[in-house]
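**Q** Okay, handing you the structure first.
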Amino acid sequence: MAALHDIAQQIANNGDSAWQQASQPSSLGYDFLDPNAPVHYVKGSKGTLVVQVLADNSILGQDTPDYKQAGIATTYLVTDQGPISVIVNWVEKLGPAIASVAIAPALLAILGAFKTFLQSYLTRAYSAIAEGATDSATVSEEAATEAAEDAAIDGEVVADEVALSLTFSPLAIVGIAVAAIAAIIAIILFFLAKTMICLVKIFNYTDQTLNLALCYEYDLVAKEVPQSGSMPPIGIAPAPPGVKPLDSVIYRADYQFQNDSSVNGLGVVIHGDGSGDFPGMTAVIDIPAVGNNSLYVDLKNTEDWDQLYENIDHGQYDQLTMGVSNSGYQLSIATNQLRGESPSPITGETGYFYEYLIVIEKGAS
């Protein structure tokens with residue numbers, strides 16, 4: 001174990017500066033590493049210590065009310081003879097489903113914590129041996145226990161809306177003190193509580209009466225909706241008797257939604273039935289707890305609202321605008337931002353306010 005002793009000495013003497021990070025593991029020339037996951041490594045005169053974390057995205061992407069294995073953290077000790085020691089550690093997850101956009105920063109945080117764990121463990125074990133300790137099992141257990149405390153994470157924000165807590169459960173090992181430690185890494189991922197407000201304005205620039213309805217709702221409270229779903233077409237502006245209006249009036253429908261749970265997002269499908277030559281219209285808004293918002297519109301009499309929302313919820317429509325048209329009508333939607341905070345258009349306070357403008361108008365016939 002001369003190679004590990006040399007690396008432990010480097011870590012004990014140099015701390016964080018002994019480590020390097022490779023976002024492209026292929027640059028190290030080791031074909032046993034996953035090419036798509038970053039690594040931390042320490043290069044010594046007799047070998048290299050490499051740490052890599054791999055996740056099971058299908059587990060991270062589902063609710064786990066109990067701890068469930070969600071990946072592995074692997075430590076390799078590599079010499080000119082190849083990897084001479086490989087220690088695999090379980091990564092277990094507890095908490096709600098995590099959007100794909102938050103997985104990469106979470107894995108970097110876990111990788112950094114595991115590096116800290118190894119650094120603390122090897123430093124403490126090496127120092128104990130250097131000071132004359134002879135009971136290797138006791139040295140290993142004490143160093144691992146203290147390293148677990150050093151590497152723990154408590155509520156670190158790893159994405160805009162996700163926080164991570166992480167604890168290590170070191171397993172007792174026997175043998176020489178300066179050896180790679182086996183550990184179970186238990187992670188808790190949770191959403192940061194936040195209130196989301198969705199404000200929607202729909203303008204009817206057509207000669208058709210639109211009968212609007214909320215056809216699908218996800219985790220929302222309707223704070224403001226039109227008294228009637230009927231939205232008149234462009235018409236003559238109201239005026240007192242004897243006064244001839246000089247212009248037409250355009251009608252607008254206002255909606256305001258709020259997420260029902262401060263740890264979930266919200267979603268809604270608004271539909272207008274077809275009549276005459278108007279085929280009907282549908283607008284979908286998805287504001288997830290983590291990741292970019294999505295929007296979608298179509299000129300169809302869609303009825304499978306659940307399936308439509310599920311399709312949009314997959315994230316391929318994370319865009320600021322969208323427009324569709326047919327031979328007679330044009331339907332457009334736009335929003336102010338895809339994620340994050342902004343000033344309220346009503347009070348000016350900063351928060352998670354998302355504004356949407358939907359316009360239906362006559363097109364070229």
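Chains: A, B, ... in order of the structure tokens. Residues: from 1 per chain. Ligands: from 1, in order shown.
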Please report, as a Markdown table, each residue of stretch 183-247 of chain A lying at most 9 Å from stretch 275-281 of chain A, together with the nearest pair of atoms and the separation in Å rounded to one decimal; use only C-alpha atoms, and order rows by chain and ascending residue number.
**A**
```
| residue | atom | partner | partner_atom | distance |
| --- | --- | --- | --- | --- |
| A:Gln208 | CA | A:Phe278 | CA | 7.5 |
| A:Thr209 | CA | A:Ser275 | CA | 8.4 |
| A:Leu210 | CA | A:Gly280 | CA | 8.5 |
```
**Q** Select from stretch 23-119 of chain A every residue with an atom at most 8 Å from any atom of stretch 3-8 of chain A, then for each give the shortest pair of atoms and their distance in Å to one decimal, using only C-alpha atoms, rows by chain and rising number, as a Markdown table.
**A**
```
| residue | atom | partner | partner_atom | distance |
| --- | --- | --- | --- | --- |
| A:Val42 | CA | A:Ile7 | CA | 6.9 |
| A:Lys43 | CA | A:Ile7 | CA | 7.2 |
| A:Gly44 | CA | A:Ile7 | CA | 5.4 |
| A:Ser45 | CA | A:Asp6 | CA | 7.2 |
| A:Lys46 | CA | A:Ala3 | CA | 4.8 |
| A:Gly47 | CA | A:Ala3 | CA | 5.3 |
| A:Thr48 | CA | A:Ile7 | CA | 7.4 |
| A:Leu49 | CA | A:Ile7 | CA | 7.2 |
| A:Leu77 | CA | A:Leu4 | CA | 7.2 |
| A:Thr79 | CA | A:Ala3 | CA | 7.3 |
```
**Q** Go ahead and write the selection's residues with N, CA and C atoms as a compact mmCIF listing (two decimals), in the first residue's frame.
**A**
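File produced: selection22.txt:
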```txt
# COMPACT_ATOMS: atom_id res chain seq x y z
N VAL A 42 -6.40 12.60 -6.83
CA VAL A 42 -5.11 13.03 -6.29
C VAL A 42 -4.04 12.20 -6.97
N LYS A 43 -3.09 12.86 -7.60
CA LYS A 43 -2.03 12.16 -8.31
C LYS A 43 -0.76 12.20 -7.45
N GLY A 44 -0.28 11.03 -7.08
CA GLY A 44 0.95 10.92 -6.30
C GLY A 44 2.09 10.39 -7.14
N SER A 45 3.24 10.21 -6.51
CA SER A 45 4.40 9.71 -7.24
C SER A 45 4.31 8.22 -7.52
N LYS A 46 3.46 7.51 -6.76
CA LYS A 46 3.36 6.06 -6.92
C LYS A 46 1.99 5.61 -7.42
N GLY A 47 1.05 6.55 -7.57
CA GLY A 47 -0.28 6.17 -8.04
C GLY A 47 -1.24 7.33 -7.97
N THR A 48 -2.50 7.06 -8.29
CA THR A 48 -3.55 8.08 -8.33
C THR A 48 -4.78 7.57 -7.60
N LEU A 49 -5.36 8.42 -6.76
CA LEU A 49 -6.62 8.11 -6.09
C LEU A 49 -7.73 8.84 -6.84
N LEU A 77 -7.86 3.17 -6.49
CA LEU A 77 -6.44 3.42 -6.31
C LEU A 77 -5.73 2.80 -7.51
N THR A 79 -2.32 2.37 -9.99
CA THR A 79 -0.87 2.46 -10.18
C THR A 79 -0.56 2.12 -11.63
```
**Q** Which of these residues is nearest to A:Tyr251, using only C-alpha atoms: A:Leu299, A:Ser228, A:Phe203, A:Gly272?
**A**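 Of A:Leu299, A:Ser228, A:Phe203, A:Gly272, the one nearest A:Tyr251 is A:Phe203, counting only C-alpha atoms.
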**Q** With only C-alpha atoms as the basis for distance, which of A:Thr123, A:Asn14, A:Gln9, A:Ser23 is at the shortest distance from A:Asp150?
**A** A:Thr123
**Q** Can you pull out the residues contacting A:Ile358? Cut-off 6 Å, using only C-alpha atoms, and skip same-chain residues under 2 positions away; I want them as a CSV table (one decimal) with N, CA and C atoms, in the first residue's frame.
**A**
```csv
chain,number,residue,atom,x,y,z
A,202,ILE,N,-56.0,36.5,-21.4
A,202,ILE,CA,-56.4,36.0,-22.7
A,202,ILE,C,-57.2,37.1,-23.5
A,332,SER,N,-51.4,32.5,-30.1
A,332,SER,CA,-50.1,32.8,-29.6
A,332,SER,C,-50.1,32.8,-28.1
A,333,ILE,N,-49.0,32.4,-27.5
A,333,ILE,CA,-48.8,32.5,-26.1
A,333,ILE,C,-47.3,33.0,-25.8
```
**Q** Could you check which of A:Ile250, A:Val269, A:Ala151, A:Met231 is closest to A:Glu303, using only C-alpha atoms?
**A**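 Using only C-alpha atoms, the shortest distance to A:Glu303 belongs to A:Val269.
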**Q** Please provide as a compact mmCIF listing (two decimals) with all heavy atoms, in the first residue's frame all residues within 10 Å of stretch 51-68 of chain A, with the sequence filter that same-chain residues fewer than 6 positions apart are discarded (counting only C-alpha atoms).
**A**
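This went into part29.txt:
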```
# COMPACT_ATOMS: atom_id res chain seq x y z
N GLN A 21 -9.98 18.27 -10.20
CA GLN A 21 -11.26 17.80 -10.73
C GLN A 21 -11.16 17.67 -12.25
O GLN A 21 -10.60 18.54 -12.92
CB GLN A 21 -12.40 18.74 -10.38
CG GLN A 21 -13.77 18.26 -10.89
CD GLN A 21 -14.92 19.13 -10.42
OE1 GLN A 21 -14.76 19.93 -9.51
NE2 GLN A 21 -16.07 18.99 -11.06
N PRO A 25 -13.57 12.67 -17.62
CA PRO A 25 -12.72 11.60 -17.06
C PRO A 25 -11.80 10.95 -18.09
O PRO A 25 -10.75 10.41 -17.72
CB PRO A 25 -13.74 10.60 -16.51
CG PRO A 25 -14.96 11.40 -16.24
CD PRO A 25 -15.00 12.44 -17.32
N LEU A 33 -13.45 4.27 -16.01
CA LEU A 33 -14.28 5.37 -15.51
C LEU A 33 -15.44 5.63 -16.46
O LEU A 33 -15.33 5.43 -17.67
CB LEU A 33 -13.44 6.64 -15.37
CG LEU A 33 -12.33 6.63 -14.33
CD1 LEU A 33 -11.52 7.92 -14.41
CD2 LEU A 33 -12.89 6.45 -12.92
N ASP A 34 -16.56 6.08 -15.89
CA ASP A 34 -17.68 6.49 -16.72
C ASP A 34 -17.31 7.81 -17.39
O ASP A 34 -16.96 8.78 -16.71
CB ASP A 34 -18.94 6.67 -15.86
CG ASP A 34 -20.18 6.92 -16.70
OD1 ASP A 34 -20.21 7.94 -17.42
OD2 ASP A 34 -21.12 6.12 -16.62
N ASN A 36 -19.07 10.09 -18.64
CA ASN A 36 -20.04 11.18 -18.53
C ASN A 36 -20.19 11.73 -17.12
O ASN A 36 -21.03 12.60 -16.89
CB ASN A 36 -21.41 10.68 -19.01
CG ASN A 36 -21.38 10.23 -20.45
OD1 ASN A 36 -20.86 10.93 -21.31
ND2 ASN A 36 -21.93 9.05 -20.72
N ALA A 37 -19.40 11.26 -16.18
CA ALA A 37 -19.51 11.72 -14.79
C ALA A 37 -18.17 12.29 -14.34
O ALA A 37 -17.13 11.65 -14.51
CB ALA A 37 -19.93 10.56 -13.87
N PRO A 38 -18.16 13.49 -13.76
CA PRO A 38 -16.90 14.11 -13.33
C PRO A 38 -16.24 13.32 -12.19
O PRO A 38 -16.90 12.52 -11.51
CB PRO A 38 -17.33 15.50 -12.86
CG PRO A 38 -18.77 15.35 -12.50
CD PRO A 38 -19.32 14.34 -13.44
N VAL A 39 -14.96 13.56 -11.99
CA VAL A 39 -14.21 12.87 -10.94
C VAL A 39 -13.36 13.87 -10.18
O VAL A 39 -13.00 14.94 -10.69
CB VAL A 39 -13.30 11.76 -11.50
CG1 VAL A 39 -14.10 10.71 -12.24
CG2 VAL A 39 -12.22 12.34 -12.41
N HIS A 40 -13.03 13.53 -8.94
CA HIS A 40 -11.97 14.19 -8.18
C HIS A 40 -10.82 13.19 -8.07
O HIS A 40 -11.05 11.98 -7.92
CB HIS A 40 -12.45 14.57 -6.77
CG HIS A 40 -13.34 15.78 -6.74
ND1 HIS A 40 -12.96 16.99 -7.24
CD2 HIS A 40 -14.59 15.95 -6.25
CE1 HIS A 40 -13.94 17.87 -7.07
NE2 HIS A 40 -14.94 17.25 -6.48
N TYR A 41 -9.59 13.68 -8.13
CA TYR A 41 -8.47 12.76 -8.04
C TYR A 41 -7.26 13.44 -7.41
O TYR A 41 -7.12 14.67 -7.42
CB TYR A 41 -8.12 12.19 -9.42
CG TYR A 41 -7.58 13.21 -10.40
CD1 TYR A 41 -6.20 13.37 -10.61
CD2 TYR A 41 -8.44 14.00 -11.15
CE1 TYR A 41 -5.70 14.28 -11.52
CE2 TYR A 41 -7.96 14.92 -12.07
CZ TYR A 41 -6.59 15.07 -12.25
OH TYR A 41 -6.10 15.98 -13.15
N VAL A 42 -6.40 12.60 -6.83
CA VAL A 42 -5.11 13.03 -6.29
C VAL A 42 -4.04 12.20 -6.97
O VAL A 42 -4.08 10.97 -6.94
CB VAL A 42 -5.04 12.82 -4.76
CG1 VAL A 42 -3.66 13.24 -4.24
CG2 VAL A 42 -6.14 13.60 -4.05
N THR A 74 -17.56 5.50 -6.04
CA THR A 74 -16.47 4.53 -6.17
C THR A 74 -15.12 5.20 -6.02
O THR A 74 -14.88 6.27 -6.59
CB THR A 74 -16.54 3.83 -7.55
OG1 THR A 74 -17.85 3.30 -7.74
CG2 THR A 74 -15.54 2.69 -7.62
N THR A 75 -14.26 4.57 -5.24
CA THR A 75 -12.88 5.03 -5.06
C THR A 75 -11.94 4.03 -5.72
O THR A 75 -12.00 2.83 -5.44
CB THR A 75 -12.54 5.14 -3.56
OG1 THR A 75 -13.51 5.96 -2.91
CG2 THR A 75 -11.16 5.75 -3.37
N TYR A 76 -11.09 4.54 -6.59
CA TYR A 76 -10.10 3.70 -7.27
C TYR A 76 -8.70 4.13 -6.83
O TYR A 76 -8.39 5.33 -6.82
CB TYR A 76 -10.18 3.86 -8.79
CG TYR A 76 -11.51 3.53 -9.41
CD1 TYR A 76 -12.48 4.52 -9.57
CD2 TYR A 76 -11.80 2.25 -9.87
CE1 TYR A 76 -13.70 4.24 -10.16
CE2 TYR A 76 -13.02 1.96 -10.46
CZ TYR A 76 -13.97 2.97 -10.60
OH TYR A 76 -15.17 2.69 -11.19
N LEU A 77 -7.86 3.17 -6.49
CA LEU A 77 -6.44 3.42 -6.31
C LEU A 77 -5.73 2.80 -7.51
O LEU A 77 -5.78 1.58 -7.72
CB LEU A 77 -5.93 2.80 -5.00
CG LEU A 77 -4.44 3.00 -4.72
CD1 LEU A 77 -4.10 4.48 -4.63
CD2 LEU A 77 -4.03 2.27 -3.45
N VAL A 86 -10.40 -1.13 -5.40
CA VAL A 86 -11.66 -0.51 -5.80
C VAL A 86 -12.65 -0.66 -4.65
O VAL A 86 -12.95 -1.78 -4.24
CB VAL A 86 -12.24 -1.15 -7.08
CG1 VAL A 86 -13.56 -0.49 -7.45
CG2 VAL A 86 -11.24 -1.07 -8.23
N ILE A 87 -13.12 0.45 -4.12
CA ILE A 87 -14.10 0.44 -3.04
C ILE A 87 -15.39 1.06 -3.56
O ILE A 87 -15.41 2.19 -4.03
CB ILE A 87 -13.62 1.24 -1.81
CG1 ILE A 87 -12.25 0.73 -1.34
CG2 ILE A 87 -14.65 1.16 -0.69
CD1 ILE A 87 -12.26 -0.67 -0.82
N VAL A 88 -16.49 0.30 -3.49
CA VAL A 88 -17.79 0.79 -3.96
C VAL A 88 -18.64 1.12 -2.74
O VAL A 88 -18.77 0.32 -1.81
CB VAL A 88 -18.50 -0.27 -4.83
CG1 VAL A 88 -19.88 0.22 -5.24
CG2 VAL A 88 -17.66 -0.58 -6.06
N ASN A 89 -19.23 2.31 -2.75
CA ASN A 89 -20.05 2.79 -1.65
C ASN A 89 -21.45 3.10 -2.15
O ASN A 89 -21.62 3.67 -3.23
CB ASN A 89 -19.44 4.06 -1.04
CG ASN A 89 -17.96 3.88 -0.76
OD1 ASN A 89 -17.58 3.35 0.26
ND2 ASN A 89 -17.12 4.33 -1.70
N TRP A 90 -22.45 2.73 -1.39
CA TRP A 90 -23.83 2.94 -1.81
C TRP A 90 -24.25 4.38 -1.57
O TRP A 90 -23.90 4.99 -0.56
CB TRP A 90 -24.78 2.02 -1.05
CG TRP A 90 -24.43 0.56 -1.11
CD1 TRP A 90 -24.22 -0.28 -0.06
CD2 TRP A 90 -24.23 -0.23 -2.28
NE1 TRP A 90 -23.91 -1.53 -0.49
CE2 TRP A 90 -23.90 -1.54 -1.86
CE3 TRP A 90 -24.29 0.04 -3.65
CZ2 TRP A 90 -23.65 -2.57 -2.75
CZ3 TRP A 90 -24.03 -0.99 -4.54
CH2 TRP A 90 -23.72 -2.27 -4.10
N VAL A 91 -25.01 4.91 -2.50
CA VAL A 91 -25.65 6.21 -2.34
C VAL A 91 -27.15 5.96 -2.22
O VAL A 91 -27.76 5.41 -3.13
CB VAL A 91 -25.38 7.15 -3.54
CG1 VAL A 91 -26.13 8.46 -3.38
CG2 VAL A 91 -23.89 7.41 -3.67
N GLU A 92 -27.73 6.31 -1.08
CA GLU A 92 -29.15 6.07 -0.86
C GLU A 92 -29.89 7.40 -0.79
O GLU A 92 -29.38 8.37 -0.24
CB GLU A 92 -29.36 5.29 0.44
CG GLU A 92 -28.71 3.90 0.40
CD GLU A 92 -29.09 3.06 1.60
OE1 GLU A 92 -29.50 3.64 2.62
OE2 GLU A 92 -28.97 1.83 1.52
N LYS A 93 -31.10 7.42 -1.34
CA LYS A 93 -31.87 8.66 -1.45
C LYS A 93 -33.18 8.56 -0.68
O LYS A 93 -33.83 7.52 -0.65
CB LYS A 93 -32.18 8.97 -2.91
CG LYS A 93 -33.16 10.13 -3.11
CD LYS A 93 -33.57 10.29 -4.56
CE LYS A 93 -34.68 11.31 -4.72
NZ LYS A 93 -35.98 10.84 -4.25
N LEU A 94 -33.56 9.68 -0.08
CA LEU A 94 -34.86 9.81 0.57
C LEU A 94 -35.43 11.16 0.16
O LEU A 94 -34.74 12.18 0.23
CB LEU A 94 -34.70 9.76 2.10
CG LEU A 94 -35.96 10.05 2.93
CD1 LEU A 94 -36.95 8.91 2.80
CD2 LEU A 94 -35.58 10.26 4.39
N GLY A 95 -36.68 11.18 -0.28
CA GLY A 95 -37.29 12.47 -0.60
C GLY A 95 -38.10 12.42 -1.88
O GLY A 95 -38.27 11.38 -2.50
N PRO A 96 -38.61 13.59 -2.30
CA PRO A 96 -39.47 13.66 -3.48
C PRO A 96 -38.70 13.48 -4.77
O PRO A 96 -37.46 13.51 -4.80
CB PRO A 96 -40.07 15.07 -3.39
CG PRO A 96 -39.02 15.85 -2.66
CD PRO A 96 -38.43 14.91 -1.67
N ALA A 97 -39.43 13.29 -5.85
CA ALA A 97 -38.82 13.17 -7.17
C ALA A 97 -38.06 14.44 -7.52
O ALA A 97 -38.50 15.55 -7.22
CB ALA A 97 -39.90 12.89 -8.22
N ILE A 98 -36.93 14.27 -8.18
CA ILE A 98 -36.08 15.40 -8.54
C ILE A 98 -36.05 15.55 -10.05
O ILE A 98 -35.84 14.58 -10.78
CB ILE A 98 -34.64 15.19 -8.01
CG1 ILE A 98 -34.66 15.01 -6.49
CG2 ILE A 98 -33.75 16.36 -8.40
CD1 ILE A 98 -35.26 16.17 -5.73
N ALA A 99 -36.28 16.76 -10.53
CA ALA A 99 -36.23 17.02 -11.97
C ALA A 99 -34.81 16.81 -12.48
O ALA A 99 -33.83 16.99 -11.77
CB ALA A 99 -36.70 18.44 -12.26
N SER A 100 -34.73 16.42 -13.75
CA SER A 100 -33.42 16.10 -14.34
C SER A 100 -32.45 17.28 -14.26
O SER A 100 -31.24 17.08 -14.15
CB SER A 100 -33.59 15.66 -15.79
OG SER A 100 -34.24 16.67 -16.55
N ALA A 102 -31.86 19.20 -11.90
CA ALA A 102 -31.22 19.33 -10.59
C ALA A 102 -30.27 18.19 -10.29
O ALA A 102 -29.53 18.25 -9.31
CB ALA A 102 -32.28 19.42 -9.50
N ILE A 103 -30.27 17.14 -11.12
CA ILE A 103 -29.47 15.97 -10.81
C ILE A 103 -27.98 16.27 -10.91
O ILE A 103 -27.19 15.88 -10.03
CB ILE A 103 -29.86 14.80 -11.74
CG1 ILE A 103 -31.26 14.30 -11.36
CG2 ILE A 103 -28.85 13.66 -11.64
CD1 ILE A 103 -31.77 13.19 -12.24
N ALA A 104 -27.55 16.95 -11.97
CA ALA A 104 -26.12 17.22 -12.15
C ALA A 104 -25.53 18.03 -10.99
O ALA A 104 -24.50 17.64 -10.43
CB ALA A 104 -25.88 17.93 -13.49
N ALA A 106 -26.65 18.22 -7.98
CA ALA A 106 -26.72 17.39 -6.78
C ALA A 106 -25.57 16.39 -6.76
O ALA A 106 -24.94 16.17 -5.72
CB ALA A 106 -28.06 16.66 -6.72
N LEU A 107 -25.26 15.79 -7.91
CA LEU A 107 -24.17 14.82 -7.97
C LEU A 107 -22.82 15.48 -7.71
O LEU A 107 -21.94 14.89 -7.07
CB LEU A 107 -24.15 14.13 -9.34
CG LEU A 107 -25.29 13.15 -9.60
CD1 LEU A 107 -25.16 12.53 -10.97
CD2 LEU A 107 -25.33 12.06 -8.53
N LEU A 108 -22.65 16.72 -8.19
CA LEU A 108 -21.41 17.43 -7.90
C LEU A 108 -21.26 17.68 -6.40
O LEU A 108 -20.16 17.59 -5.85
CB LEU A 108 -21.37 18.75 -8.67
CG LEU A 108 -21.01 18.67 -10.15
CD1 LEU A 108 -21.09 20.04 -10.79
CD2 LEU A 108 -19.61 18.09 -10.33
N ILE A 110 -22.58 15.81 -4.01
CA ILE A 110 -22.30 14.52 -3.39
C ILE A 110 -20.84 14.13 -3.62
O ILE A 110 -20.15 13.66 -2.71
CB ILE A 110 -23.24 13.44 -3.94
CG1 ILE A 110 -24.70 13.78 -3.58
CG2 ILE A 110 -22.88 12.07 -3.40
CD1 ILE A 110 -25.71 12.94 -4.32
N LEU A 111 -20.37 14.34 -4.85
CA LEU A 111 -18.97 14.03 -5.17
C LEU A 111 -18.03 14.86 -4.30
O LEU A 111 -17.05 14.34 -3.75
CB LEU A 111 -18.70 14.31 -6.65
CG LEU A 111 -17.26 14.12 -7.14
CD1 LEU A 111 -16.81 12.68 -6.97
CD2 LEU A 111 -17.13 14.56 -8.60
N GLY A 112 -18.34 16.15 -4.14
CA GLY A 112 -17.51 17.00 -3.31
C GLY A 112 -17.51 16.57 -1.85
O GLY A 112 -16.47 16.59 -1.17
N PHE A 114 -18.08 13.49 -0.76
CA PHE A 114 -17.35 12.24 -0.64
C PHE A 114 -15.84 12.48 -0.68
O PHE A 114 -15.07 11.83 0.04
CB PHE A 114 -17.76 11.28 -1.76
CG PHE A 114 -17.28 9.87 -1.55
CD1 PHE A 114 -17.61 9.18 -0.41
CD2 PHE A 114 -16.49 9.24 -2.49
CE1 PHE A 114 -17.16 7.89 -0.19
CE2 PHE A 114 -16.03 7.95 -2.30
CZ PHE A 114 -16.37 7.27 -1.14
N LYS A 115 -15.41 13.44 -1.50
CA LYS A 115 -14.00 13.82 -1.51
C LYS A 115 -13.59 14.34 -0.13
O LYS A 115 -12.53 14.00 0.40
CB LYS A 115 -13.77 14.90 -2.56
CG LYS A 115 -12.32 15.36 -2.68
CD LYS A 115 -12.20 16.80 -3.11
CE LYS A 115 -12.55 17.75 -1.97
NZ LYS A 115 -12.29 19.17 -2.31
N LEU A 118 -13.20 11.40 2.28
CA LEU A 118 -11.94 10.68 2.10
C LEU A 118 -10.76 11.51 2.56
O LEU A 118 -9.82 10.99 3.19
CB LEU A 118 -11.77 10.31 0.62
CG LEU A 118 -12.67 9.19 0.10
CD1 LEU A 118 -12.51 9.04 -1.40
CD2 LEU A 118 -12.37 7.87 0.79
N ALA A 186 -25.98 8.58 2.66
CA ALA A 186 -27.43 8.76 2.64
C ALA A 186 -27.73 10.21 2.29
O ALA A 186 -27.26 11.12 2.97
CB ALA A 186 -28.03 8.41 3.99
N ILE A 187 -28.49 10.43 1.23
CA ILE A 187 -28.79 11.80 0.82
C ILE A 187 -30.29 12.07 0.97
O ILE A 187 -31.12 11.18 0.79
CB ILE A 187 -28.35 12.07 -0.63
CG1 ILE A 187 -29.11 11.18 -1.62
CG2 ILE A 187 -26.88 11.86 -0.80
CD1 ILE A 187 -28.84 11.53 -3.07
N ILE A 188 -30.58 13.28 1.32
CA ILE A 188 -31.97 13.74 1.40
C ILE A 188 -32.08 14.94 0.47
O ILE A 188 -31.44 15.96 0.69
CB ILE A 188 -32.37 14.15 2.82
CG1 ILE A 188 -32.15 12.98 3.80
CG2 ILE A 188 -33.81 14.62 2.87
CD1 ILE A 188 -32.37 13.36 5.25
N LEU A 189 -32.87 14.80 -0.57
CA LEU A 189 -33.11 15.91 -1.49
C LEU A 189 -34.52 16.42 -1.25
O LEU A 189 -35.47 15.65 -1.16
CB LEU A 189 -32.96 15.44 -2.94
CG LEU A 189 -31.53 15.12 -3.38
CD1 LEU A 189 -31.55 14.36 -4.70
CD2 LEU A 189 -30.72 16.38 -3.52
```
**Q** For A:Asp306, work out the shell of residues within 12 Å, counting only C-alpha atoms and skipping chain neighbours fewer than 6 positions away, then give it as JSON, numbers by chain.
**A** {"A": [215, 216, 217, 218, 267, 268, 269, 284, 312, 313]}
**Q** Between A:Leu266, A:Ala130, A:Ala152, A:Ala283, which one has atoms that come closest to A:Met196, using only C-alpha atoms?
**A**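 Using only C-alpha atoms, the shortest distance to A:Met196 belongs to A:Leu266.
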**Q** Could you pull out the strand (DSSP E) residues of stretch 88-276 of chain A from DSSP and send them as a ChimeraX atom specification?
**A** /A:88-95,153-159,162-170,183-191,196-205,210-218,220-224,230-231,235-236,248-249,251-259,266-272
**Q** Nearest to A:Glu156: which of A:Glu224, A:Ala109, A:Gly340, A:Phe117 is it, counting only C-alpha atoms?
**A** A:Ala109
**Q** Record the distance separating atom CA of A:Lys194 and atom CA of A:Ala289, expressed in Å with one decimal.
**A** 8.7 Å
**Q** So which residues touch A:Leu357 within 6 Å, counting only C-alpha atoms, skipping near sequence neighbours fewer than 5 positions away, as number ranges by chain?
**A** A: 200-201, 333-334
**Q** Create the file for the chosen residues now, containing all heavy atoms and written as a PDB file, in the first residue's frame.
**A**
```pdb
ATOM      1  N   VAL A 200     -52.520  34.963 -15.945  1.00  0.00           N
ATOM      2  CA  VAL A 200     -52.812  34.701 -17.355  1.00  0.00           C
ATOM      3  C   VAL A 200     -53.823  35.727 -17.862  1.00  0.00           C
ATOM      4  O   VAL A 200     -54.847  35.973 -17.212  1.00  0.00           O
ATOM      5  CB  VAL A 200     -53.385  33.280 -17.552  1.00  0.00           C
ATOM      6  CG1 VAL A 200     -53.629  33.004 -19.033  1.00  0.00           C
ATOM      7  CG2 VAL A 200     -52.455  32.236 -16.948  1.00  0.00           C
ATOM      8  N   LYS A 201     -53.528  36.310 -19.017  1.00  0.00           N
ATOM      9  CA  LYS A 201     -54.464  37.217 -19.690  1.00  0.00           C
ATOM     10  C   LYS A 201     -54.722  36.669 -21.092  1.00  0.00           C
ATOM     11  O   LYS A 201     -53.782  36.401 -21.842  1.00  0.00           O
ATOM     12  CB  LYS A 201     -53.898  38.634 -19.774  1.00  0.00           C
ATOM     13  CG  LYS A 201     -53.666  39.292 -18.411  1.00  0.00           C
ATOM     14  CD  LYS A 201     -53.165  40.716 -18.574  1.00  0.00           C
ATOM     15  CE  LYS A 201     -52.856  41.346 -17.213  1.00  0.00           C
ATOM     16  NZ  LYS A 201     -54.049  41.457 -16.362  1.00  0.00           N
ATOM     17  N   ILE A 333     -48.951  32.424 -27.534  1.00  0.00           N
ATOM     18  CA  ILE A 333     -48.757  32.516 -26.090  1.00  0.00           C
ATOM     19  C   ILE A 333     -47.333  32.986 -25.825  1.00  0.00           C
ATOM     20  O   ILE A 333     -46.409  32.658 -26.577  1.00  0.00           O
ATOM     21  CB  ILE A 333     -49.021  31.154 -25.397  1.00  0.00           C
ATOM     22  CG1 ILE A 333     -48.926  31.292 -23.870  1.00  0.00           C
ATOM     23  CG2 ILE A 333     -48.074  30.090 -25.898  1.00  0.00           C
ATOM     24  CD1 ILE A 333     -49.361  30.038 -23.111  1.00  0.00           C
ATOM     25  N   ALA A 334     -47.151  33.770 -24.773  1.00  0.00           N
ATOM     26  CA  ALA A 334     -45.823  34.264 -24.394  1.00  0.00           C
ATOM     27  C   ALA A 334     -45.774  34.422 -22.880  1.00  0.00           C
ATOM     28  O   ALA A 334     -46.806  34.620 -22.224  1.00  0.00           O
ATOM     29  CB  ALA A 334     -45.518  35.594 -25.075  1.00  0.00           C
TER      30      ALA A 334
END
```
**Q** Kindly indicate which residue among A:Gly363, A:Gln330, A:Ala22, A:Tyr352 lies nearest to A:Pro35, using only C-alpha atoms for the distances.
**A**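 Using only C-alpha atoms, the shortest distance to A:Pro35 belongs to A:Ala22.
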**Q** Report the distance between atom CA of A:Ile11 and atom CA of A:Ser120 in Å, rounded to one decimal place.
**A** 8.7 Å
**Q** Find the distance between atom CA of A:Ile346 and atom CA of A:Leu214 and write it in Å to one decimal.
**A**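 These two atoms are separated by 23.3 Å.
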